[in-house]
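For reference, data-v4.txt is printed below; it contains compact mmCIF, C-alpha atoms and all ligand atoms.
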```txt
# COMPACT_ATOMS: atom_id res chain seq x y z
CA MET A 1 44.44 26.15 -23.40
CA ALA A 2 42.53 23.68 -21.21
CA PRO A 3 39.33 25.11 -19.67
CA ASP A 4 39.38 26.33 -16.07
CA VAL A 5 38.49 23.75 -13.44
CA TYR A 6 36.07 24.73 -10.67
CA LEU A 7 36.02 22.82 -7.41
CA ALA A 8 32.90 22.73 -5.26
CA GLU A 9 32.77 20.73 -2.07
CA ALA A 10 29.61 20.45 0.04
CA PRO A 11 28.85 18.62 3.29
CA SER A 12 25.94 16.34 4.02
CA ASN A 13 23.67 17.11 6.95
CA ILE A 14 21.69 15.16 9.53
CA ALA A 15 18.16 16.40 10.19
CA PHE A 16 17.20 16.93 13.83
CA LEU A 17 13.71 18.07 12.77
CA LYS A 18 12.81 16.03 9.69
CA TYR A 19 11.64 16.96 6.21
CA TRP A 20 9.17 14.22 5.28
CA GLY A 21 6.26 15.13 3.02
CA LYS A 22 5.87 17.95 0.51
CA ALA A 23 3.11 20.54 0.36
CA ASP A 24 3.85 21.03 -3.36
CA ALA A 25 6.02 18.38 -4.99
CA ALA A 26 6.57 20.23 -8.29
CA ALA A 27 7.86 23.30 -6.45
CA GLN A 28 9.80 21.23 -3.89
CA TRP A 29 7.87 23.00 -1.13
CA PRO A 30 8.10 21.03 2.14
CA ALA A 31 5.08 20.33 4.32
CA ASN A 32 6.97 21.51 7.42
CA ASP A 33 10.05 23.31 8.69
CA SER A 34 13.18 21.23 9.23
CA LEU A 35 16.40 21.77 11.13
CA SER A 36 19.75 20.06 10.66
CA MET A 37 23.36 19.79 11.76
CA THR A 38 25.92 20.06 8.99
CA LEU A 39 28.45 17.21 8.97
CA ARG A 40 32.23 17.57 8.95
CA HIS A 41 33.56 14.48 7.16
CA ALA A 42 30.69 13.34 4.93
CA ARG A 43 31.17 15.54 1.87
CA THR A 44 30.72 15.49 -1.89
CA GLN A 45 33.62 16.83 -3.95
CA THR A 46 32.73 17.97 -7.45
CA ARG A 47 35.11 19.16 -10.14
CA LEU A 48 33.61 20.96 -13.13
CA GLN A 49 34.84 22.41 -16.40
CA ARG A 50 33.38 23.37 -19.74
CA SER A 51 33.02 20.27 -21.90
CA ALA A 52 34.42 20.20 -25.42
CA SER A 53 32.16 17.28 -26.36
CA GLY A 54 28.97 19.30 -26.94
CA HIS A 55 27.04 17.58 -24.16
CA HIS A 56 27.23 17.14 -20.40
CA GLU A 57 29.58 14.37 -19.28
CA ILE A 58 29.20 13.01 -15.75
CA HIS A 59 31.76 10.88 -13.95
CA PHE A 60 30.88 9.44 -10.52
CA GLU A 61 33.54 7.84 -8.32
CA GLY A 62 35.90 7.76 -11.32
CA LYS A 63 33.48 6.08 -13.75
CA ARG A 64 31.66 7.75 -16.63
CA LEU A 65 27.88 7.45 -16.21
CA ALA A 66 25.66 6.61 -19.19
CA ALA A 67 23.13 9.37 -19.91
CA GLN A 68 20.27 7.00 -18.98
CA ASP A 69 21.76 6.14 -15.57
CA PRO A 70 19.16 7.25 -12.95
CA PHE A 71 21.76 9.24 -10.99
CA ALA A 72 23.00 10.94 -14.18
CA GLN A 73 19.38 11.70 -15.13
CA LYS A 74 18.78 13.40 -11.78
CA MET A 75 21.92 15.51 -12.23
CA LEU A 76 21.07 16.33 -15.86
CA ARG A 77 17.54 17.44 -14.87
CA HIS A 78 19.05 19.72 -12.24
CA LEU A 79 21.55 21.18 -14.72
CA THR A 80 18.64 21.99 -17.06
CA PHE A 81 16.79 23.65 -14.18
CA LEU A 82 19.88 25.69 -13.18
CA SER A 83 20.57 26.76 -16.73
CA GLU A 84 16.96 28.01 -17.03
CA ALA A 85 17.18 29.72 -13.64
CA LEU A 86 20.20 31.68 -14.91
CA GLU A 87 17.96 32.77 -17.77
CA GLU A 88 20.28 31.89 -20.60
CA SER A 89 21.34 28.68 -22.20
CA GLN A 90 24.60 27.45 -20.67
CA VAL A 91 27.45 25.45 -22.17
CA PRO A 92 27.75 21.71 -21.46
CA LEU A 93 29.91 20.69 -18.51
CA HIS A 94 32.38 17.94 -17.79
CA ILE A 95 31.65 16.88 -14.19
CA ASP A 96 33.65 14.60 -11.95
CA THR A 97 32.04 13.94 -8.57
CA HIS A 98 32.74 11.70 -5.61
CA ASN A 99 31.73 11.25 -1.99
CA THR A 100 34.08 10.98 0.99
CA PHE A 101 31.66 8.46 2.54
CA PRO A 102 30.11 5.18 1.37
CA ALA A 103 26.77 5.41 -0.45
CA SER A 104 23.59 3.94 1.04
CA CYS A 105 24.86 4.06 4.61
CA GLY A 106 22.32 6.50 6.04
CA ILE A 107 24.13 9.70 5.11
CA ALA A 108 22.22 11.82 2.63
CA SER A 109 24.46 11.90 -0.44
CA SER A 110 21.69 13.68 -2.34
CA ALA A 111 22.01 16.65 0.05
CA SER A 112 25.78 17.04 -0.36
CA GLY A 113 25.71 16.02 -4.03
CA MET A 114 23.03 18.46 -5.14
CA ALA A 115 24.53 21.27 -3.07
CA ALA A 116 27.99 20.72 -4.65
CA LEU A 117 26.50 20.44 -8.14
CA THR A 118 24.50 23.66 -7.73
CA ILE A 119 27.44 25.68 -6.41
CA GLY A 120 29.89 24.25 -8.95
CA ALA A 121 27.72 24.55 -12.05
CA VAL A 122 26.70 28.14 -11.30
CA ALA A 123 30.32 29.05 -10.47
CA CYS A 124 31.62 27.46 -13.68
CA TRP A 125 28.98 29.01 -15.90
CA LEU A 126 29.41 32.46 -14.39
CA GLU A 127 33.21 32.08 -14.15
CA ALA A 128 33.10 32.91 -10.45
CA SER A 129 35.65 30.93 -8.44
CA SER A 130 34.88 32.29 -4.95
CA TRP A 131 31.88 33.23 -2.82
CA GLU A 132 32.86 36.86 -3.25
CA ALA A 133 32.93 36.53 -7.04
CA LEU A 134 29.48 34.89 -6.94
CA THR A 135 28.14 37.72 -4.76
CA ASN A 136 29.56 40.23 -7.24
CA LYS A 137 27.57 38.47 -9.96
CA GLY A 138 24.41 38.86 -7.85
CA ILE A 139 24.29 35.24 -6.60
CA SER A 140 23.85 34.87 -2.82
CA ARG A 141 24.23 31.71 -0.77
CA ALA A 142 20.47 31.90 -0.03
CA GLN A 143 19.81 31.92 -3.80
CA LEU A 144 22.05 28.86 -4.27
CA ALA A 145 20.23 27.12 -1.39
CA SER A 146 16.89 27.82 -3.01
CA TRP A 147 18.13 26.37 -6.31
CA ALA A 148 19.82 23.38 -4.61
CA ARG A 149 16.50 22.37 -3.00
CA ARG A 150 15.01 21.91 -6.47
CA GLY A 151 17.55 19.12 -7.01
CA SER A 152 16.96 17.60 -3.57
CA GLY A 153 15.07 19.27 -0.74
CA SER A 154 17.59 18.52 2.00
CA ALA A 155 20.42 20.00 -0.15
CA CYS A 156 19.33 23.54 0.73
CA ARG A 157 20.46 22.93 4.33
CA SER A 158 24.00 22.02 3.13
CA LEU A 159 24.84 25.58 2.06
CA TRP A 160 25.97 26.52 5.58
CA GLY A 161 27.93 24.96 8.41
CA GLY A 162 26.67 24.49 11.97
CA PHE A 163 22.94 24.30 12.60
CA VAL A 164 20.64 25.22 9.71
CA VAL A 165 16.89 25.81 9.46
CA TRP A 166 14.75 25.28 6.35
CA GLU A 167 11.52 27.20 6.85
CA ALA A 168 8.50 26.18 4.76
CA ALA A 169 6.88 29.63 5.21
CA ALA A 170 3.63 30.51 3.41
CA GLY A 171 4.54 29.21 -0.03
CA PRO A 172 7.30 28.08 -2.43
CA ALA A 173 8.29 31.69 -3.13
CA SER A 174 8.88 32.50 0.54
CA GLN A 175 10.38 29.17 1.74
CA ARG A 176 13.99 29.72 2.79
CA ALA A 177 16.99 28.07 4.40
CA TYR A 178 19.25 30.01 6.75
CA PRO A 179 22.05 29.39 9.26
CA LEU A 180 20.92 29.29 12.87
CA PHE A 181 24.22 28.86 14.76
CA PRO A 182 27.76 28.35 13.41
CA SER A 183 29.62 25.12 14.17
CA ALA A 184 31.61 26.79 16.97
CA HIS A 185 28.37 27.30 18.91
CA TRP A 186 28.21 23.67 20.07
CA ASP A 187 30.64 20.86 19.28
CA LEU A 188 28.46 17.77 18.81
CA CYS A 189 29.61 14.34 17.59
CA ASP A 190 27.58 12.18 15.23
CA THR A 191 28.62 8.52 15.29
CA LEU A 192 26.91 6.69 12.46
CA LEU A 193 26.09 3.21 13.68
CA LEU A 194 25.91 0.94 10.63
CA VAL A 195 23.19 -1.69 10.66
CA SER A 196 22.99 -2.26 6.90
CA THR A 197 24.44 -0.59 3.82
CA ALA A 198 22.10 -2.33 1.34
CA PRO A 199 20.42 0.14 -1.06
CA LYS A 200 16.95 1.14 0.13
CA SER A 201 13.94 -0.30 -1.67
CA VAL A 202 11.94 2.96 -1.65
CA SER A 203 13.73 6.23 -2.49
CA SER A 204 13.21 9.26 -0.27
CA SER A 205 11.55 11.09 -3.16
CA GLN A 206 9.02 8.27 -3.57
CA GLY A 207 8.55 8.10 0.20
CA HIS A 208 7.76 11.81 0.48
CA THR A 209 4.75 11.39 -1.82
CA THR A 210 3.09 8.96 0.60
CA ALA A 211 3.29 11.04 3.78
CA TRP A 212 -0.17 12.62 3.41
CA GLU A 213 -1.75 9.14 3.30
CA SER A 214 -0.71 8.46 6.89
CA PRO A 215 -3.49 9.08 9.45
CA LEU A 216 -0.70 10.35 11.71
CA PHE A 217 0.57 13.05 9.37
CA LEU A 218 -1.87 15.86 10.24
CA PRO A 219 -1.40 15.32 14.00
CA ARG A 220 2.37 15.39 13.37
CA LEU A 221 2.13 18.68 11.47
CA SER A 222 0.09 20.28 14.24
CA GLY A 223 2.59 19.19 16.91
CA LEU A 224 5.76 20.20 15.07
CA PRO A 225 5.83 23.93 15.91
CA THR A 226 5.97 23.07 19.63
CA ARG A 227 8.79 20.57 19.07
CA LYS A 228 10.65 23.08 16.91
CA ARG A 229 10.44 25.75 19.62
CA ALA A 230 11.76 23.32 22.23
CA MET A 231 14.59 22.24 19.90
CA LEU A 232 15.58 25.84 19.19
CA GLU A 233 15.70 26.51 22.92
CA ALA A 234 17.83 23.41 23.57
CA LEU A 235 20.22 24.40 20.77
CA ALA A 236 20.49 27.97 22.01
CA ASP A 237 21.34 26.65 25.51
CA CYS A 238 23.57 23.77 24.27
CA ASN A 239 21.39 21.55 26.45
CA LEU A 240 21.74 17.90 25.38
CA ALA A 241 19.44 16.60 28.11
CA GLN A 242 16.69 18.71 26.55
CA LEU A 243 17.64 18.17 22.89
CA GLY A 244 18.25 14.41 23.05
CA PRO A 245 14.69 13.20 23.85
CA LEU A 246 13.35 15.55 21.14
CA LEU A 247 15.74 13.99 18.58
CA GLU A 248 14.51 10.52 19.43
CA GLN A 249 10.81 11.46 19.42
CA GLU A 250 11.24 13.16 16.06
CA ALA A 251 13.02 10.24 14.39
CA LEU A 252 10.49 7.71 15.67
CA GLU A 253 7.57 9.93 14.68
CA MET A 254 8.89 10.22 11.12
CA HIS A 255 9.20 6.43 10.95
CA SER A 256 5.65 6.12 12.32
CA ILE A 257 4.48 8.13 9.29
CA MET A 258 6.39 5.79 6.99
CA LEU A 259 5.05 2.69 8.75
CA SER A 260 1.42 3.84 8.77
CA VAL A 261 0.92 4.16 5.01
CA VAL A 262 -0.39 1.33 2.82
CA PRO A 263 1.78 -0.47 1.87
CA PRO A 264 4.09 0.54 4.73
CA ILE A 265 7.58 1.86 4.06
CA VAL A 266 9.79 -0.14 6.36
CA TYR A 267 13.30 1.30 6.48
CA LEU A 268 13.97 0.02 10.00
CA LEU A 269 15.50 -3.42 10.61
CA PRO A 270 15.23 -5.62 13.71
CA GLN A 271 18.81 -4.60 14.63
CA THR A 272 17.73 -0.93 14.55
CA ALA A 273 15.19 -1.66 17.28
CA SER A 274 17.79 -3.64 19.29
CA TRP A 275 20.18 -0.70 19.16
CA ILE A 276 17.44 1.73 20.21
CA VAL A 277 16.88 -0.41 23.32
CA GLN A 278 20.64 -0.70 23.92
CA ILE A 279 21.31 3.03 23.63
CA ARG A 280 18.50 3.81 26.07
CA ARG A 281 19.79 1.14 28.47
CA TRP A 282 23.35 2.55 28.39
CA ARG A 283 21.91 5.97 29.07
CA GLN A 284 19.66 4.91 31.95
CA GLU A 285 21.91 2.35 33.59
CA GLU A 286 25.39 3.77 32.94
CA GLY A 287 24.72 7.48 32.46
CA LEU A 288 26.08 7.42 28.86
CA GLU A 289 24.65 10.69 27.52
CA VAL A 290 23.98 9.56 23.94
CA TYR A 291 20.79 10.00 21.90
CA PHE A 292 19.84 8.61 18.51
CA THR A 293 18.25 9.98 15.40
CA ILE A 294 17.50 7.98 12.25
CA ASP A 295 17.15 9.05 8.61
CA ALA A 296 15.27 7.30 5.83
CA GLY A 297 17.17 4.05 6.44
CA PRO A 298 18.02 1.50 9.15
CA ASN A 299 21.23 3.10 10.47
CA LEU A 300 21.39 5.20 13.64
CA HIS A 301 23.09 8.56 14.09
CA LEU A 302 24.31 8.70 17.69
CA ILE A 303 24.55 12.26 18.96
CA CYS A 304 26.72 13.13 21.95
CA GLU A 305 29.23 15.66 23.22
CA PRO A 306 32.98 15.04 22.63
CA SER A 307 33.55 14.16 26.31
CA THR A 308 31.19 11.18 25.95
CA GLN A 309 32.61 9.95 22.63
CA PRO A 310 35.45 7.71 23.97
CA ALA A 311 33.08 5.82 26.29
CA LEU A 312 30.54 5.43 23.49
CA LEU A 313 33.13 4.06 21.04
CA ALA A 314 34.44 1.64 23.68
CA ARG A 315 30.87 0.38 24.24
CA LEU A 316 30.28 0.03 20.50
CA ALA A 317 33.57 -1.86 20.03
CA GLN A 318 32.67 -4.27 22.84
CA ALA A 319 29.29 -4.84 21.19
CA GLY A 320 30.95 -5.62 17.82
CA ALA A 321 29.35 -2.66 16.07
CA GLN A 322 30.54 -0.98 12.88
CA TRP A 323 30.47 2.80 12.73
CA LEU A 324 31.68 5.97 11.02
CA GLU A 325 32.76 8.95 13.09
CA ASP A 326 31.48 12.37 12.15
CA GLY A 327 30.41 15.56 13.85
CA ILE A 328 29.38 19.14 13.34
CA GLY A 329 31.19 20.82 10.44
CA GLU A 330 31.68 23.87 8.32
CA GLY A 331 29.77 24.66 5.19
CA PRO A 332 30.68 24.18 1.53
CA THR A 333 33.83 25.45 -0.19
CA LEU A 334 34.39 26.79 -3.68
CA GLY A 335 37.67 27.23 -5.50
CA MET A 336 39.55 26.73 -8.69
CA GLY A 337 42.64 24.74 -9.61
CA ARG A 338 43.52 22.49 -12.48
CA ASN A 339 45.88 20.24 -10.59
CA LYS A 340 44.40 20.28 -7.09
CA LYS A 341 43.97 16.78 -5.73
CA TRP A 342 41.24 16.08 -3.20
CA GLU A 343 42.41 14.79 0.13
C1 LIG B 401 15.68 15.13 6.05
N1 LIG B 401 15.17 13.18 4.58
O1 LIG B 401 15.12 16.10 6.58
C2 LIG B 401 14.80 13.92 5.73
C3 LIG B 401 14.79 12.94 6.85
C4 LIG B 401 15.19 11.76 4.82
C5 LIG B 401 14.72 11.60 6.19
O2 LIG B 401 15.31 14.96 3.26
O3 LIG B 401 12.67 14.36 -2.90
O4 LIG B 401 16.52 13.27 -0.63
O5 LIG B 401 15.07 14.97 -3.23
O6 LIG B 401 13.55 16.47 -1.91
O7 LIG B 401 15.95 15.61 0.19
C6 LIG B 401 15.49 12.94 2.16
O8 LIG B 401 14.79 13.57 1.13
O9 LIG B 401 14.22 14.22 -1.01
C7 LIG B 401 15.31 13.75 3.37
P1 LIG B 401 13.86 15.06 -2.33
P2 LIG B 401 15.50 14.25 -0.11
O10 LIG B 401 16.91 15.08 5.84
```

Could you rewrite the structure in this file as structure tokens?
Amino acid sequence: MAPDVYLAEAPSNIAFLKYWGKADAAAQWPANDSLSMTLRHARTQTRLQRSASGHHEIHFEGKRLAAQDPFAQKMLRHLTFLSEALEESQVPLHIDTHNTFPASCGIASSASGMAALTIGAVACWLEASSWEALTNKGISRAQLASWARRGSGSACRSLWGGFVVWEAAAGPASQRAYPLFPSAHWDLCDTLLLVSTAPKSVSSSQGHTTAWESPLFLPRLSGLPTRKRAMLEALADCNLAQLGPLLEQEALEMHSIMLSVVPPIVYLLPQTASWIVQIRRWRQEEGLEVYFTIDAGPNLHLICEPSTQPALLARLAQAGAQWLEDGIGEGPTLGMGRNKKWE
């Protein structure tokens, strides 16, 4: 009989308060707390089963990856970590993974990818095809989040829907991610304004290692608790006029850290700056209540409420922009099914 097929699907997330810089790189302990909104459409879908070949086999977007492929290496390292975390050697897996969104467009595929891999591998190894079955085996969502972060820090925030906090706490053992508000709390849209989809020249993991070299990093760390408090208040009140300026300050501050190391990490493009000016102009002159945030790339995430979305899209179309529509979403899913086709 063919082995059971486990299906893990995890969303990406957009950070409102950014994770940039690690206090302990080996332990994947962040230098500061972060806070994100889970996305609805940008997801990684991963199908796993026990492999008959005697070694892990990884297929990405329908193509088998060579073992030395950097992406395969990252996944293989994480499988080794997970197998050790489960405290017994685990059988090799056949893994088929794909994203519902284009790579290198400013959506963190490492967050959704590592979250889906963590959930799926643990589920397959423990033969647990639902959250309830995992709980019965002693595996909580918080535990999965803690393991997912070892694959990619931001992945720990993709274990829940809605708004999620990743708290650095006093050390790697006490860091934790947890859901703050479910998606129903506040329906926010995220329109991803595409400036460039070229692969970035410096990976996020490399970038993280430079943060402490910036003369602006310590001042940033000392100011973050105040910004976090204000953001939590704005989220609790669903107050976009309060949240929006904080989103923009936070994104620009993170890029100031990147730009103030030697050599500088320049993810932004001239068009990014033009759009920043344009978005602010639309807001000030036309009352278009839209605010931007930016990840480790040149593309802008435009955050607004659903009532503003049609006017924003009309403006973007007139300006000849390219974009992807997304918004707040639910968390990951886990299931089983040999013949299930992804949408
Ligand atoms: C974030 N980013 O909070 C920030 C904002 C990018 C900009 O987390 O080294 O891919 O795998 O832990 O999670 C990107 O970093 O880095 C990131 P690793 P990760 O979403």

Per residue of chain A within 9 Å of ligand LIG 401 (chain B), record the nearest atom pair and its distance in Å to one decimal, counting all atoms listed in the file, with rows in chain order and ascending residue number, as JSON lines.
```
{"residue": "A:Asn13", "atom": "CA", "partner": "B:LIG401", "partner_atom": "O10", "distance": 7.1}
{"residue": "A:Ile14", "atom": "CA", "partner": "B:LIG401", "partner_atom": "O10", "distance": 6.0}
{"residue": "A:Ala15", "atom": "CA", "partner": "B:LIG401", "partner_atom": "O10", "distance": 4.7}
{"residue": "A:Phe16", "atom": "CA", "partner": "B:LIG401", "partner_atom": "O1", "distance": 7.6}
{"residue": "A:Leu17", "atom": "CA", "partner": "B:LIG401", "partner_atom": "O1", "distance": 6.6}
{"residue": "A:Lys18", "atom": "CA", "partner": "B:LIG401", "partner_atom": "O1", "distance": 3.9}
{"residue": "A:Tyr19", "atom": "CA", "partner": "B:LIG401", "partner_atom": "O1", "distance": 3.6}
{"residue": "A:Trp20", "atom": "CA", "partner": "B:LIG401", "partner_atom": "C2", "distance": 5.7}
{"residue": "A:Gly21", "atom": "CA", "partner": "B:LIG401", "partner_atom": "O3", "distance": 8.8}
{"residue": "A:Lys22", "atom": "CA", "partner": "B:LIG401", "partner_atom": "O6", "distance": 8.2}
{"residue": "A:Ala25", "atom": "CA", "partner": "B:LIG401", "partner_atom": "O3", "distance": 8.0}
{"residue": "A:Gln28", "atom": "CA", "partner": "B:LIG401", "partner_atom": "O6", "distance": 6.4}
{"residue": "A:Trp29", "atom": "CA", "partner": "B:LIG401", "partner_atom": "O6", "distance": 8.7}
{"residue": "A:Pro30", "atom": "CA", "partner": "B:LIG401", "partner_atom": "O6", "distance": 8.2}
{"residue": "A:Ser34", "atom": "CA", "partner": "B:LIG401", "partner_atom": "O1", "distance": 6.1}
{"residue": "A:Leu35", "atom": "CA", "partner": "B:LIG401", "partner_atom": "O1", "distance": 7.4}
{"residue": "A:Ser36", "atom": "CA", "partner": "B:LIG401", "partner_atom": "O1", "distance": 7.3}
{"residue": "A:Gly106", "atom": "CA", "partner": "B:LIG401", "partner_atom": "C4", "distance": 8.9}
{"residue": "A:Ala108", "atom": "CA", "partner": "B:LIG401", "partner_atom": "O4", "distance": 6.7}
{"residue": "A:Ser109", "atom": "CA", "partner": "B:LIG401", "partner_atom": "O4", "distance": 8.1}
{"residue": "A:Ser110", "atom": "CA", "partner": "B:LIG401", "partner_atom": "O4", "distance": 5.5}
{"residue": "A:Ala111", "atom": "CA", "partner": "B:LIG401", "partner_atom": "O7", "distance": 6.2}
{"residue": "A:Met114", "atom": "CA", "partner": "B:LIG401", "partner_atom": "O5", "distance": 8.9}
{"residue": "A:Arg149", "atom": "CA", "partner": "B:LIG401", "partner_atom": "O6", "distance": 6.7}
{"residue": "A:Arg150", "atom": "CA", "partner": "B:LIG401", "partner_atom": "O6", "distance": 7.2}
{"residue": "A:Gly151", "atom": "CA", "partner": "B:LIG401", "partner_atom": "O5", "distance": 6.1}
{"residue": "A:Ser152", "atom": "CA", "partner": "B:LIG401", "partner_atom": "O5", "distance": 3.3}
{"residue": "A:Gly153", "atom": "CA", "partner": "B:LIG401", "partner_atom": "O6", "distance": 3.4}
{"residue": "A:Ser154", "atom": "CA", "partner": "B:LIG401", "partner_atom": "O7", "distance": 3.8}
{"residue": "A:Ala155", "atom": "CA", "partner": "B:LIG401", "partner_atom": "O7", "distance": 6.3}
{"residue": "A:Cys156", "atom": "CA", "partner": "B:LIG401", "partner_atom": "O7", "distance": 8.6}
{"residue": "A:Arg157", "atom": "CA", "partner": "B:LIG401", "partner_atom": "O10", "distance": 8.7}
{"residue": "A:Ser203", "atom": "CA", "partner": "B:LIG401", "partner_atom": "O4", "distance": 7.8}
{"residue": "A:Ser204", "atom": "CA", "partner": "B:LIG401", "partner_atom": "O8", "distance": 4.8}
{"residue": "A:Ser205", "atom": "CA", "partner": "B:LIG401", "partner_atom": "O3", "distance": 3.5}
{"residue": "A:Gln206", "atom": "CA", "partner": "B:LIG401", "partner_atom": "O3", "distance": 7.1}
{"residue": "A:Gly207", "atom": "CA", "partner": "B:LIG401", "partner_atom": "O3", "distance": 8.1}
{"residue": "A:His208", "atom": "CA", "partner": "B:LIG401", "partner_atom": "O3", "distance": 6.5}
{"residue": "A:Thr209", "atom": "CA", "partner": "B:LIG401", "partner_atom": "O3", "distance": 8.5}
{"residue": "A:Ala251", "atom": "CA", "partner": "B:LIG401", "partner_atom": "C3", "distance": 8.2}
{"residue": "A:Met254", "atom": "CA", "partner": "B:LIG401", "partner_atom": "C5", "distance": 7.8}
{"residue": "A:His255", "atom": "CA", "partner": "B:LIG401", "partner_atom": "C5", "distance": 8.9}
{"residue": "A:Ile294", "atom": "CA", "partner": "B:LIG401", "partner_atom": "C5", "distance": 7.6}
{"residue": "A:Asp295", "atom": "CA", "partner": "B:LIG401", "partner_atom": "C5", "distance": 4.3}
{"residue": "A:Ala296", "atom": "CA", "partner": "B:LIG401", "partner_atom": "C5", "distance": 4.3}
{"residue": "A:Gly297", "atom": "CA", "partner": "B:LIG401", "partner_atom": "C5", "distance": 7.9}
```

Check: Just how far from atom CA of A:Pro179 is atom CA of A:Gly329, in Å to one decimal?
Finding: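 These atoms are spaced 12.6 Å apart.
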
Checklist line | Test item: residues at most 10 Å from A:Glu325, all atoms listed in the file, excluding those fewer than 5 positions along its chain, as a ChimeraX atom specification | finding: /A:40-42,189-193,301-302,309,313

Would you tabulate, counting only C-alpha atoms, all residues of stretch 1-71 of chain A that have an atom at most 7 Å from an atom of stretch 158-161 of chain A, showing the closest pair of atoms and their distance in Å to one decimal, sorted by chain then ascending number, as JSON lines?
```
{"residue": "A:Ala10", "atom": "CA", "partner": "A:Ser158", "partner_atom": "CA", "distance": 6.6}
{"residue": "A:Pro11", "atom": "CA", "partner": "A:Ser158", "partner_atom": "CA", "distance": 5.9}
{"residue": "A:Ser12", "atom": "CA", "partner": "A:Ser158", "partner_atom": "CA", "distance": 6.1}
{"residue": "A:Asn13", "atom": "CA", "partner": "A:Ser158", "partner_atom": "CA", "distance": 6.2}
{"residue": "A:Thr38", "atom": "CA", "partner": "A:Gly161", "partner_atom": "CA", "distance": 5.3}
```

I need the chosen residues saved as a PDB file, in the frame of the given file, with C-alpha atoms.
```pdb
ATOM      1  CA  ALA A  10      29.610  20.450   0.040  1.00  0.00           C
ATOM      2  CA  PRO A  11      28.850  18.620   3.290  1.00  0.00           C
ATOM      3  CA  SER A  12      25.940  16.340   4.020  1.00  0.00           C
ATOM      4  CA  ASN A  13      23.670  17.110   6.950  1.00  0.00           C
ATOM      5  CA  THR A  38      25.920  20.060   8.990  1.00  0.00           C
TER       6      THR A  38
END
```

Note to self: Show me, as a ChimeraX atom specification, the residues that have an atom within 12 Å of A:Ala173 when counting only C-alpha atoms, minus same-chain residues fewer than 3 positions from it.
What the structure shows: /A:24,27-30,143,146-147,167-170,176

Note to self: Report, in Å with one decimal, the straight-line distance from atom CA of A:Ala241 to atom CA of A:Met37.
What the structure shows: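 Separation of atom CA of A:Ala241 and atom CA of A:Met37: 17.1 Å.
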
Notebook entry, point to check: From the list A:Glu289, A:Glu61, A:Glu213, A:Glu132, which residue is nearest A:Pro245 when using only C-alpha atoms?
Noted result: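 Nearest candidate to A:Pro245 out of A:Glu289, A:Glu61, A:Glu213, A:Glu132: A:Glu289.
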
Note to self: Residues within 6 Å of stretch 82-94 of chain A, please, as a PyMOL selection string. Count all atoms listed in the file; anything in the same chain fewer than 6 positions from it doesn't count.
What the structure shows: chain A and resi 48-51+55-57
